[in-house]
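S.K.: Structure supplied as model16.cif; contents: mmCIF, C-alpha atoms.
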data_work
#
loop_
_atom_site.label_atom_id
_atom_site.label_comp_id
_atom_site.auth_asym_id
_atom_site.auth_seq_id
_atom_site.Cartn_x
_atom_site.Cartn_y
_atom_site.Cartn_z
CA MET Y 1 -72.67 -130.59 55.37
CA ALA Y 2 -69.27 -128.91 55.06
CA ALA Y 3 -66.16 -131.04 55.44
CA ALA Y 4 -64.31 -130.71 58.73
CA ALA Y 5 -61.32 -128.40 58.67
CA ALA Y 6 -57.92 -130.09 58.53
CA GLU Y 7 -56.00 -129.61 61.76
CA VAL Y 8 -52.42 -128.36 61.70
CA ARG Y 9 -50.40 -128.61 64.90
CA TYR Y 10 -47.85 -125.85 65.44
CA GLY Y 11 -44.73 -125.72 67.55
CA ILE Y 12 -42.77 -122.54 68.26
CA VAL Y 13 -39.00 -122.68 68.78
CA GLY Y 14 -37.92 -119.51 70.56
CA VAL Y 15 -40.62 -117.89 72.69
CA GLY Y 16 -39.12 -114.42 73.08
CA MET Y 17 -40.75 -111.27 71.72
CA MET Y 18 -41.25 -112.56 68.16
CA GLY Y 19 -42.21 -116.05 69.29
CA ARG Y 20 -44.96 -114.61 71.47
CA GLU Y 21 -46.12 -112.42 68.58
CA HIS Y 22 -46.50 -115.57 66.48
CA LEU Y 23 -48.39 -117.18 69.37
CA HIS Y 24 -50.74 -114.20 69.33
CA ASN Y 25 -51.18 -114.53 65.55
CA LEU Y 26 -51.86 -118.26 65.72
CA ALA Y 27 -54.46 -117.73 68.44
CA HIS Y 28 -56.31 -115.18 66.30
CA LEU Y 29 -56.09 -117.39 63.23
CA ALA Y 30 -57.41 -120.33 65.23
CA ALA Y 31 -60.45 -118.21 66.08
CA GLU Y 32 -61.16 -117.69 62.37
CA VAL Y 33 -61.84 -121.38 61.71
CA GLY Y 34 -65.40 -121.78 60.49
CA ARG Y 35 -65.54 -118.22 59.20
CA GLU Y 36 -63.04 -117.99 56.40
CA GLN Y 37 -60.32 -120.63 56.45
CA SER Y 38 -60.24 -124.37 55.90
CA VAL Y 39 -57.28 -125.16 58.15
CA LYS Y 40 -57.72 -125.59 61.88
CA VAL Y 41 -54.79 -124.20 63.85
CA ARG Y 42 -53.58 -125.60 67.17
CA VAL Y 43 -50.45 -124.66 69.11
CA THR Y 44 -49.16 -127.86 70.69
CA GLY Y 45 -45.58 -127.11 71.72
CA LEU Y 46 -43.20 -124.36 72.85
CA ALA Y 47 -39.43 -124.84 72.99
CA ASP Y 48 -36.91 -122.50 74.56
CA PRO Y 49 -33.89 -123.02 76.85
CA HIS Y 50 -34.76 -119.73 78.58
CA GLN Y 51 -37.24 -120.62 81.32
CA GLU Y 52 -38.63 -117.12 81.69
CA SER Y 53 -39.53 -117.05 78.00
CA LEU Y 54 -41.36 -120.37 78.38
CA ARG Y 55 -43.21 -119.01 81.40
CA LEU Y 56 -44.28 -115.91 79.50
CA GLY Y 57 -45.34 -118.05 76.54
CA LEU Y 58 -47.54 -120.25 78.72
CA GLN Y 59 -48.97 -117.18 80.41
CA LEU Y 60 -49.84 -115.63 77.06
CA ALA Y 61 -51.41 -118.87 75.81
CA ASP Y 62 -53.61 -118.90 78.90
CA GLU Y 63 -54.58 -115.24 78.44
CA LEU Y 64 -55.52 -115.99 74.82
CA GLY Y 65 -57.70 -118.90 75.88
CA LEU Y 66 -55.52 -121.54 74.21
CA PRO Y 67 -55.10 -125.05 75.61
CA ALA Y 68 -51.76 -125.17 77.41
CA PRO Y 69 -49.06 -126.26 74.94
CA GLN Y 70 -46.41 -128.70 76.10
CA THR Y 71 -43.06 -127.07 76.84
CA PHE Y 72 -39.56 -128.23 75.97
CA SER Y 73 -36.11 -126.93 76.87
CA GLY Y 74 -34.81 -127.60 73.37
CA HIS Y 75 -35.97 -127.95 69.78
CA ARG Y 76 -34.89 -131.58 69.43
CA GLU Y 77 -37.22 -132.65 72.21
CA LEU Y 78 -40.06 -130.78 70.48
CA LEU Y 79 -39.33 -132.53 67.18
CA ASP Y 80 -39.10 -135.97 68.78
CA SER Y 81 -42.39 -135.48 70.63
CA GLY Y 82 -44.41 -136.00 67.45
CA LEU Y 83 -46.74 -133.19 68.53
CA CYS Y 84 -46.17 -130.84 65.58
CA ASP Y 85 -46.83 -130.74 61.86
CA ALA Y 86 -45.21 -127.33 61.37
CA VAL Y 87 -42.59 -125.38 63.30
CA ILE Y 88 -42.05 -121.65 63.61
CA VAL Y 89 -38.40 -120.79 64.30
CA SER Y 90 -38.16 -117.45 66.11
CA SER Y 91 -35.02 -118.07 68.13
CA PRO Y 92 -31.93 -115.79 68.04
CA ASN Y 93 -30.33 -115.51 64.61
CA MET Y 94 -27.14 -117.40 65.46
CA THR Y 95 -29.18 -120.50 66.39
CA HIS Y 96 -31.10 -120.72 63.10
CA TYR Y 97 -28.61 -122.86 61.19
CA GLU Y 98 -28.39 -125.70 63.69
CA ILE Y 99 -32.14 -125.69 64.37
CA LEU Y 100 -33.09 -125.61 60.69
CA MET Y 101 -30.71 -128.41 59.77
CA ASP Y 102 -32.10 -130.52 62.61
CA ILE Y 103 -35.69 -129.92 61.51
CA ILE Y 104 -34.97 -130.56 57.84
CA SER Y 105 -33.06 -133.78 58.58
CA HIS Y 106 -35.60 -135.11 61.09
CA HIS Y 107 -37.25 -138.39 60.08
CA GLN Y 108 -40.67 -136.84 60.62
CA PRO Y 109 -41.46 -134.04 58.13
CA HIS Y 110 -42.14 -130.61 59.64
CA HIS Y 111 -43.02 -127.56 57.55
CA ILE Y 112 -40.99 -124.52 58.60
CA LEU Y 113 -41.61 -120.81 58.92
CA VAL Y 114 -38.32 -119.24 60.02
CA GLU Y 115 -37.95 -115.67 61.11
CA LYS Y 116 -35.53 -113.58 59.09
CA PRO Y 117 -32.66 -113.82 58.54
CA LEU Y 118 -32.51 -117.38 57.28
CA CYS Y 119 -28.99 -117.66 58.76
CA THR Y 120 -26.19 -115.26 59.68
CA THR Y 121 -23.72 -116.34 56.98
CA VAL Y 122 -24.02 -116.96 53.24
CA GLN Y 123 -22.38 -120.37 53.65
CA HIS Y 124 -25.00 -121.49 56.17
CA CYS Y 125 -27.83 -120.14 54.01
CA LYS Y 126 -26.61 -122.17 51.04
CA LYS Y 127 -26.37 -125.34 53.15
CA VAL Y 128 -29.92 -124.90 54.45
CA ILE Y 129 -31.24 -124.38 50.91
CA GLU Y 130 -29.39 -127.44 49.65
CA ALA Y 131 -30.73 -129.55 52.53
CA ALA Y 132 -34.29 -128.29 52.01
CA GLN Y 133 -34.11 -129.17 48.32
CA GLN Y 134 -33.51 -132.77 49.35
CA ARG Y 135 -36.80 -132.79 51.29
CA PRO Y 136 -39.58 -132.39 48.73
CA ASP Y 137 -42.08 -133.30 51.44
CA ILE Y 138 -41.65 -130.05 53.38
CA ILE Y 139 -42.02 -126.31 52.89
CA VAL Y 140 -39.39 -123.87 54.19
CA GLN Y 141 -40.52 -120.23 54.21
CA VAL Y 142 -38.64 -117.18 55.49
CA GLY Y 143 -40.74 -114.69 57.45
CA LEU Y 144 -40.07 -111.51 55.48
CA GLU Y 145 -43.24 -109.83 56.68
CA TYR Y 146 -42.53 -106.36 55.28
CA ARG Y 147 -43.90 -107.73 52.00
CA TYR Y 148 -47.31 -107.90 53.65
CA MET Y 149 -47.49 -104.42 55.14
CA PRO Y 150 -50.54 -102.89 53.42
CA PRO Y 151 -48.72 -99.84 51.95
CA VAL Y 152 -45.80 -101.96 50.76
CA ALA Y 153 -48.09 -104.63 49.33
CA LYS Y 154 -50.04 -101.91 47.50
CA LEU Y 155 -46.84 -100.47 46.06
CA VAL Y 156 -45.82 -103.97 44.93
CA ASP Y 157 -49.17 -104.28 43.12
CA ILE Y 158 -48.67 -100.89 41.44
CA VAL Y 159 -45.20 -101.87 40.26
CA LYS Y 160 -46.37 -105.26 38.97
CA SER Y 161 -49.25 -103.63 37.10
CA GLY Y 162 -46.75 -101.78 34.90
CA THR Y 163 -48.02 -98.35 35.98
CA LEU Y 164 -44.46 -97.13 36.61
CA GLY Y 165 -42.92 -98.76 33.56
CA GLN Y 166 -39.54 -100.48 33.82
CA VAL Y 167 -38.19 -100.02 37.36
CA ARG Y 168 -34.87 -98.19 37.34
CA MET Y 169 -34.39 -97.02 40.95
CA VAL Y 170 -35.54 -98.22 44.38
CA ALA Y 171 -34.80 -96.16 47.49
CA VAL Y 172 -35.57 -97.22 51.05
CA ARG Y 173 -35.15 -94.85 53.98
CA GLU Y 174 -35.49 -96.31 57.46
CA HIS Y 175 -35.15 -93.74 60.23
CA ARG Y 176 -36.17 -95.28 63.53
CA PHE Y 177 -35.40 -96.07 67.16
CA PRO Y 178 -32.48 -98.25 68.35
CA PHE Y 179 -32.64 -102.02 68.59
CA LEU Y 180 -34.93 -103.32 71.32
CA VAL Y 181 -33.57 -105.31 74.25
CA LYS Y 182 -33.62 -109.07 73.58
CA VAL Y 183 -33.00 -112.09 75.80
CA ASN Y 184 -29.43 -112.00 77.12
CA ASN Y 185 -28.78 -109.01 74.80
CA TRP Y 186 -27.87 -111.35 71.95
CA ASN Y 187 -28.69 -108.72 69.32
CA ARG Y 188 -25.94 -106.38 70.49
CA PHE Y 189 -23.16 -108.29 68.71
CA ASN Y 190 -22.47 -109.03 65.05
CA CYS Y 191 -21.41 -112.61 65.79
CA ASN Y 192 -24.93 -113.33 67.04
CA SER Y 193 -27.13 -111.27 64.74
CA GLY Y 194 -25.10 -111.28 61.53
CA GLY Y 195 -24.79 -107.50 61.86
CA THR Y 196 -27.33 -104.69 61.56
CA LEU Y 197 -27.60 -104.91 57.77
CA VAL Y 198 -28.48 -108.61 58.07
CA GLU Y 199 -30.60 -108.54 61.22
CA LYS Y 200 -32.67 -105.48 60.34
CA CYS Y 201 -32.15 -104.61 56.71
CA CYS Y 202 -32.61 -107.97 55.02
CA HIS Y 203 -36.25 -106.84 54.76
CA PHE Y 204 -35.24 -103.96 52.51
CA PHE Y 205 -32.86 -105.90 50.31
CA ASP Y 206 -35.69 -108.40 49.83
CA LEU Y 207 -38.00 -105.56 48.79
CA MET Y 208 -35.39 -104.17 46.41
CA ARG Y 209 -35.17 -107.54 44.65
CA LEU Y 210 -38.95 -107.77 44.58
CA PHE Y 211 -39.39 -104.31 43.04
CA ALA Y 212 -36.48 -104.61 40.64
CA ALA Y 213 -37.38 -108.19 39.66
CA ALA Y 214 -33.65 -108.85 39.47
CA ASN Y 215 -30.69 -110.15 41.44
CA PRO Y 216 -27.82 -108.07 42.85
CA VAL Y 217 -24.41 -108.09 41.21
CA ARG Y 218 -22.56 -105.35 43.11
CA VAL Y 219 -22.86 -103.78 46.57
CA MET Y 220 -21.26 -100.64 48.04
CA ALA Y 221 -21.78 -99.62 51.65
CA SER Y 222 -20.60 -97.31 54.38
CA GLY Y 223 -21.74 -97.53 58.01
CA ALA Y 224 -20.66 -96.76 61.56
CA ILE Y 225 -21.42 -96.87 65.27
CA ASP Y 226 -21.99 -93.20 65.98
CA VAL Y 227 -24.58 -92.89 68.76
CA ASN Y 228 -26.23 -96.05 70.09
CA HIS Y 229 -24.92 -98.67 72.54
CA LYS Y 230 -21.52 -97.00 72.96
CA ASP Y 231 -21.98 -96.79 76.73
CA GLU Y 232 -23.21 -100.37 77.09
CA MET Y 233 -21.12 -103.37 78.15
CA TYR Y 234 -22.00 -107.05 78.37
CA GLU Y 235 -19.59 -109.51 79.96
CA GLY Y 236 -16.79 -107.02 79.44
CA LYS Y 237 -17.61 -106.41 75.78
CA VAL Y 238 -18.96 -103.26 74.10
CA PRO Y 239 -21.60 -103.82 71.37
CA ASP Y 240 -20.23 -103.74 67.82
CA ILE Y 241 -23.44 -103.33 65.77
CA ILE Y 242 -23.61 -100.27 63.51
CA ASP Y 243 -26.43 -97.75 64.00
CA ASN Y 244 -26.39 -96.03 60.60
CA ALA Y 245 -25.41 -96.84 57.04
CA TYR Y 246 -25.78 -96.06 53.35
CA VAL Y 247 -25.92 -99.01 50.94
CA ILE Y 248 -26.09 -99.01 47.14
CA VAL Y 249 -27.03 -102.20 45.30
CA GLU Y 250 -26.68 -102.71 41.55
CA PHE Y 251 -28.87 -105.36 39.89
CA ASP Y 252 -28.33 -107.58 36.89
CA ASN Y 253 -31.01 -105.78 34.84
CA GLY Y 254 -29.31 -102.39 35.25
CA SER Y 255 -31.57 -101.09 38.03
CA ARG Y 256 -30.20 -99.80 41.32
CA GLY Y 257 -31.31 -99.76 44.94
CA MET Y 258 -30.29 -97.54 47.83
CA LEU Y 259 -30.75 -97.92 51.59
CA ASP Y 260 -30.54 -94.98 53.99
CA LEU Y 261 -30.53 -96.36 57.55
CA CYS Y 262 -30.46 -94.40 60.79
CA MET Y 263 -31.32 -95.99 64.15
CA PHE Y 264 -31.17 -92.83 66.25
CA ALA Y 265 -33.94 -90.98 64.42
CA GLU Y 266 -36.93 -91.31 66.74
CA GLY Y 267 -38.04 -87.82 65.70
CA SER Y 268 -39.43 -89.08 62.39
CA ARG Y 269 -43.02 -89.05 61.21
CA ASN Y 270 -42.49 -92.30 59.30
CA GLU Y 271 -39.99 -95.03 59.99
CA GLN Y 272 -39.92 -96.35 56.44
CA GLU Y 273 -40.20 -94.33 53.25
CA ILE Y 274 -39.96 -96.41 50.09
CA SER Y 275 -39.63 -94.95 46.61
CA VAL Y 276 -39.78 -96.88 43.34
CA VAL Y 277 -39.09 -94.99 40.12
CA GLY Y 278 -39.69 -96.46 36.69
CA ASP Y 279 -39.15 -94.96 33.27
CA THR Y 280 -42.78 -93.77 33.11
CA GLY Y 281 -43.78 -93.14 36.72
CA LYS Y 282 -43.00 -93.07 40.42
CA GLY Y 283 -44.55 -94.73 43.48
CA GLU Y 284 -44.00 -94.18 47.19
CA ALA Y 285 -45.07 -95.97 50.39
CA PHE Y 286 -44.94 -94.54 53.91
CA VAL Y 287 -44.97 -96.66 57.08
CA PRO Y 288 -46.61 -96.49 59.57
CA GLU Y 289 -48.82 -93.73 58.08
CA SER Y 290 -49.94 -96.37 55.53
CA ILE Y 291 -50.00 -93.83 52.71
CA VAL Y 292 -49.20 -94.68 49.10
CA ARG Y 293 -48.60 -92.12 46.35
CA PHE Y 294 -48.02 -92.75 42.67
CA GLY Y 295 -48.04 -90.78 39.45
CA LYS Y 296 -47.04 -90.76 35.80
CA ARG Y 297 -44.33 -88.55 34.34
CA THR Y 298 -46.72 -87.31 31.69
CA GLU Y 299 -49.21 -86.07 34.30
CA GLY Y 300 -46.71 -84.29 36.54
CA ARG Y 301 -47.30 -83.25 40.14
CA ASP Y 302 -51.00 -82.57 39.66
CA GLY Y 303 -51.55 -86.15 38.57
CA VAL Y 304 -50.14 -87.77 41.71
CA VAL Y 305 -52.68 -90.05 43.41
CA THR Y 306 -52.66 -90.48 47.21
CA ILE Y 307 -54.42 -93.41 48.86
CA MET Y 308 -54.64 -95.00 52.30
CA ALA Y 309 -53.55 -98.63 52.11
CA GLU Y 310 -55.61 -101.07 54.14
CA ASP Y 311 -56.03 -104.83 54.30
CA ASP Y 312 -59.32 -106.14 55.62
CA ARG Y 313 -57.66 -109.39 56.66
CA ILE Y 314 -56.04 -107.49 59.53
CA LYS Y 315 -58.42 -107.64 62.45
CA TYR Y 316 -56.04 -107.61 65.39
CA ILE Y 317 -53.46 -104.98 66.32
CA TYR Y 318 -51.91 -105.62 69.68
CA PHE Y 319 -48.38 -104.20 69.62
CA ALA Y 320 -47.41 -100.62 70.29
CA VAL Y 321 -45.74 -100.43 66.88
CA PRO Y 322 -48.74 -100.64 64.51
CA TYR Y 323 -47.06 -102.17 61.46
CA HIS Y 324 -46.21 -105.35 63.33
CA HIS Y 325 -49.53 -106.75 62.13
CA SER Y 326 -47.75 -107.61 58.87
CA ALA Y 327 -46.45 -110.70 60.69
CA PHE Y 328 -50.10 -111.73 61.07
CA LEU Y 329 -50.51 -111.65 57.29
CA GLY Y 330 -47.20 -113.43 56.77
CA ILE Y 331 -48.17 -116.34 58.99
CA LYS Y 332 -51.65 -116.43 57.47
CA VAL Y 333 -50.11 -116.83 54.02
CA PHE Y 334 -47.96 -119.66 55.39
CA ILE Y 335 -50.91 -121.43 57.00
CA MET Y 336 -53.26 -121.01 54.08
CA ASP Y 337 -50.78 -121.86 51.31
CA PRO Y 338 -52.31 -125.00 49.78
CA ALA Y 339 -48.83 -126.13 48.75
CA ILE Y 340 -48.10 -126.93 52.38
CA TRP Y 341 -50.76 -129.55 52.62
CA SER Y 342 -51.44 -130.59 49.01
CA THR Y 343 -48.09 -130.79 47.18
CA SER Y 344 -44.55 -131.95 47.79
CA THR Y 345 -42.63 -128.91 46.63
CA SER Y 346 -39.97 -127.40 48.87
CA TYR Y 347 -39.26 -123.70 48.49
CA LEU Y 348 -37.77 -120.67 50.19
CA LEU Y 349 -39.08 -117.13 49.78
#
What does the file become when written as structure tokens?
M.R.:
Amino acid sequence: MAAAAAEVRYGIVGVGMMGREHLHNLAHLAAEVGREQSVKVRVTGLADPHQESLRLGLQLADELGLPAPQTFSGHRELLDSGLCDAVIVSSPNMTHYEILMDIISHHQPHHILVEKPLCTTVQHCKKVIEAAQQRPDIIVQVGLEYRYMPPVAKLVDIVKSGTLGQVRMVAVREHRFPFLVKVNNWNRFNCNSGGTLVEKCCHFFDLMRLFAAANPVRVMASGAIDVNHKDEMYEGKVPDIIDNAYVIVEFDNGSRGMLDLCMFAEGSRNEQEISVVGDTGKGEAFVPESIVRFGKRTEGRDGVVTIMAEDDRIKYIYFAVPYHHSAFLGIKVFIMDPAIWSTSTSYLL
């Protein structure tokens, strides 16, 4: 007779759009118990000072057939309740630092999956890392889900296999729609989000480091507010987030990365086009088409291979933007990581 699955109780802090996506993911993962995973998932608590977000979270839990989680108006009450073993932080960016420090310093250990960005300032990021390193009994993971998009993950595998040789250049083009509306329009201002290049583009700087296998030493950038949000006003203030930019990053191994961002480019076939060029080959990934191309210099254009990238772990697609299912894989990795339940090593991705 098989051993009973270990139960892990989850709390979600911040039940806006991303928080409800995580609720969706947890519900689907809970349904997989007995088929392919050894950890039983249960959502036991939701925390948010915004009552409408809590209402929508409870409504979604009911629609998904989940037992009604207990609700809290703040994260401290959730932590003190003793209802959770792990906490997902999907609150607005400017709240991450205080929430993370409270979770890490709490007398009861809680593993943490925090939505990107970790914090909105370098100083706060360093303090969170230092605090987490003093808690070897917990895991702290940043939800950089672009790593798990099937075409990106496939390109990562190609690069790691050595097919392209030594990576010399990484280029990311994101041409997309403007920022979505969030609760109380918090994402319209740099002081709340950390700025567009932090709020949105930390995904791409993470991928650059992953592909280059190196750390940045120099950054050059130019950006502006040219089209979006210029006619908006909130409490007498006009949004100050940029809507386009070019960024060049130089790495300590001599490789370089480039970001081309435009957030008024809805007329694009793909939102992300990623190119990695090594000294012996080139690879490309296209999202959301989920196409990957790669070839060797010696074989030229005729030798380029084109494949559709798929991941059979993805069984549920429920958002209008199809690549959001990468968050499902990200949270699955977090849940299924044996380090969470079998070791005492604290780390940040």
S.K.: Residues within 9 Å of Val156 (chain Y), please, as a PyMOL selection string. Count all atoms listed in the file; anything in the same chain fewer than 2 positions from it doesn't count.
M.R.: chain Y and resi 147+151-154+158-161+207+210-211
S.K.: Write out as a PyMOL selection string which residues come within 7 Å of region 38-46 of chain Y when counting all atoms listed in the file, dropping same-chain ones fewer than 4 positions away.
M.R.: chain Y and resi 5-13+15+26+29-30+33+69-72+78+83-84
S.K.: When you look at region 216-229 of chain Y with a cut-off of 6 Å (counting only C-alpha atoms), what residues show up, excluding the ones that are within fewer than 4 positions of it in the same chain? I need them as number ranges by chain.
M.R.: Y: 242-252
S.K.: Which protein, DNA or RNA residues are at most 9 Å from (-38.2, -108.6, 50.2) in the file's coordinates when you count only C-alpha atoms, listed as a list in words?
M.R.: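 With a cut-off of 9 Å, the residues come to Leu144, Glu145, Tyr146, Arg147, Cys202, His203, Phe204, Phe205, Asp206, Leu207, Met208, Arg209, Leu210, Phe211 and Leu349 of chain Y.
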S.K.: Residues of region 164-189 of chain Y that approach region 88-101 of chain Y to 12 Å or less, counting only C-alpha atoms: could you list each one with the shortest pair of atoms and its distance in Å to one decimal, rows by chain and increasing residue number, as CSV?
M.R.:
residue,atom,partner,partner_atom,distance
Y:Lys182,CA,Y:Pro92,CA,8.9
Y:Val183,CA,Y:Pro92,CA,8.7
Y:Asn184,CA,Y:Pro92,CA,10.2
Y:Asn185,CA,Y:Pro92,CA,10.1
Y:Trp186,CA,Y:Pro92,CA,7.2
Y:Asn187,CA,Y:Pro92,CA,7.9
Y:Arg188,CA,Y:Pro92,CA,11.4
Y:Phe189,CA,Y:Met94,CA,10.5
S.K.: Restricting the output to C-alpha atoms, write the selected residues as a PDB file, in the frame of the given file.
M.R.:
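Final output, saved to selection-v8.pdb:
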ATOM      1  CA  LYS Y 182     -33.620-109.070  73.580  1.00  0.00           C
ATOM      2  CA  VAL Y 183     -33.000-112.090  75.800  1.00  0.00           C
ATOM      3  CA  ASN Y 184     -29.430-112.000  77.120  1.00  0.00           C
ATOM      4  CA  ASN Y 185     -28.780-109.010  74.800  1.00  0.00           C
ATOM      5  CA  TRP Y 186     -27.870-111.350  71.950  1.00  0.00           C
ATOM      6  CA  ASN Y 187     -28.690-108.720  69.320  1.00  0.00           C
ATOM      7  CA  ARG Y 188     -25.940-106.380  70.490  1.00  0.00           C
ATOM      8  CA  PHE Y 189     -23.160-108.290  68.710  1.00  0.00           C
TER       9      PHE Y 189
END
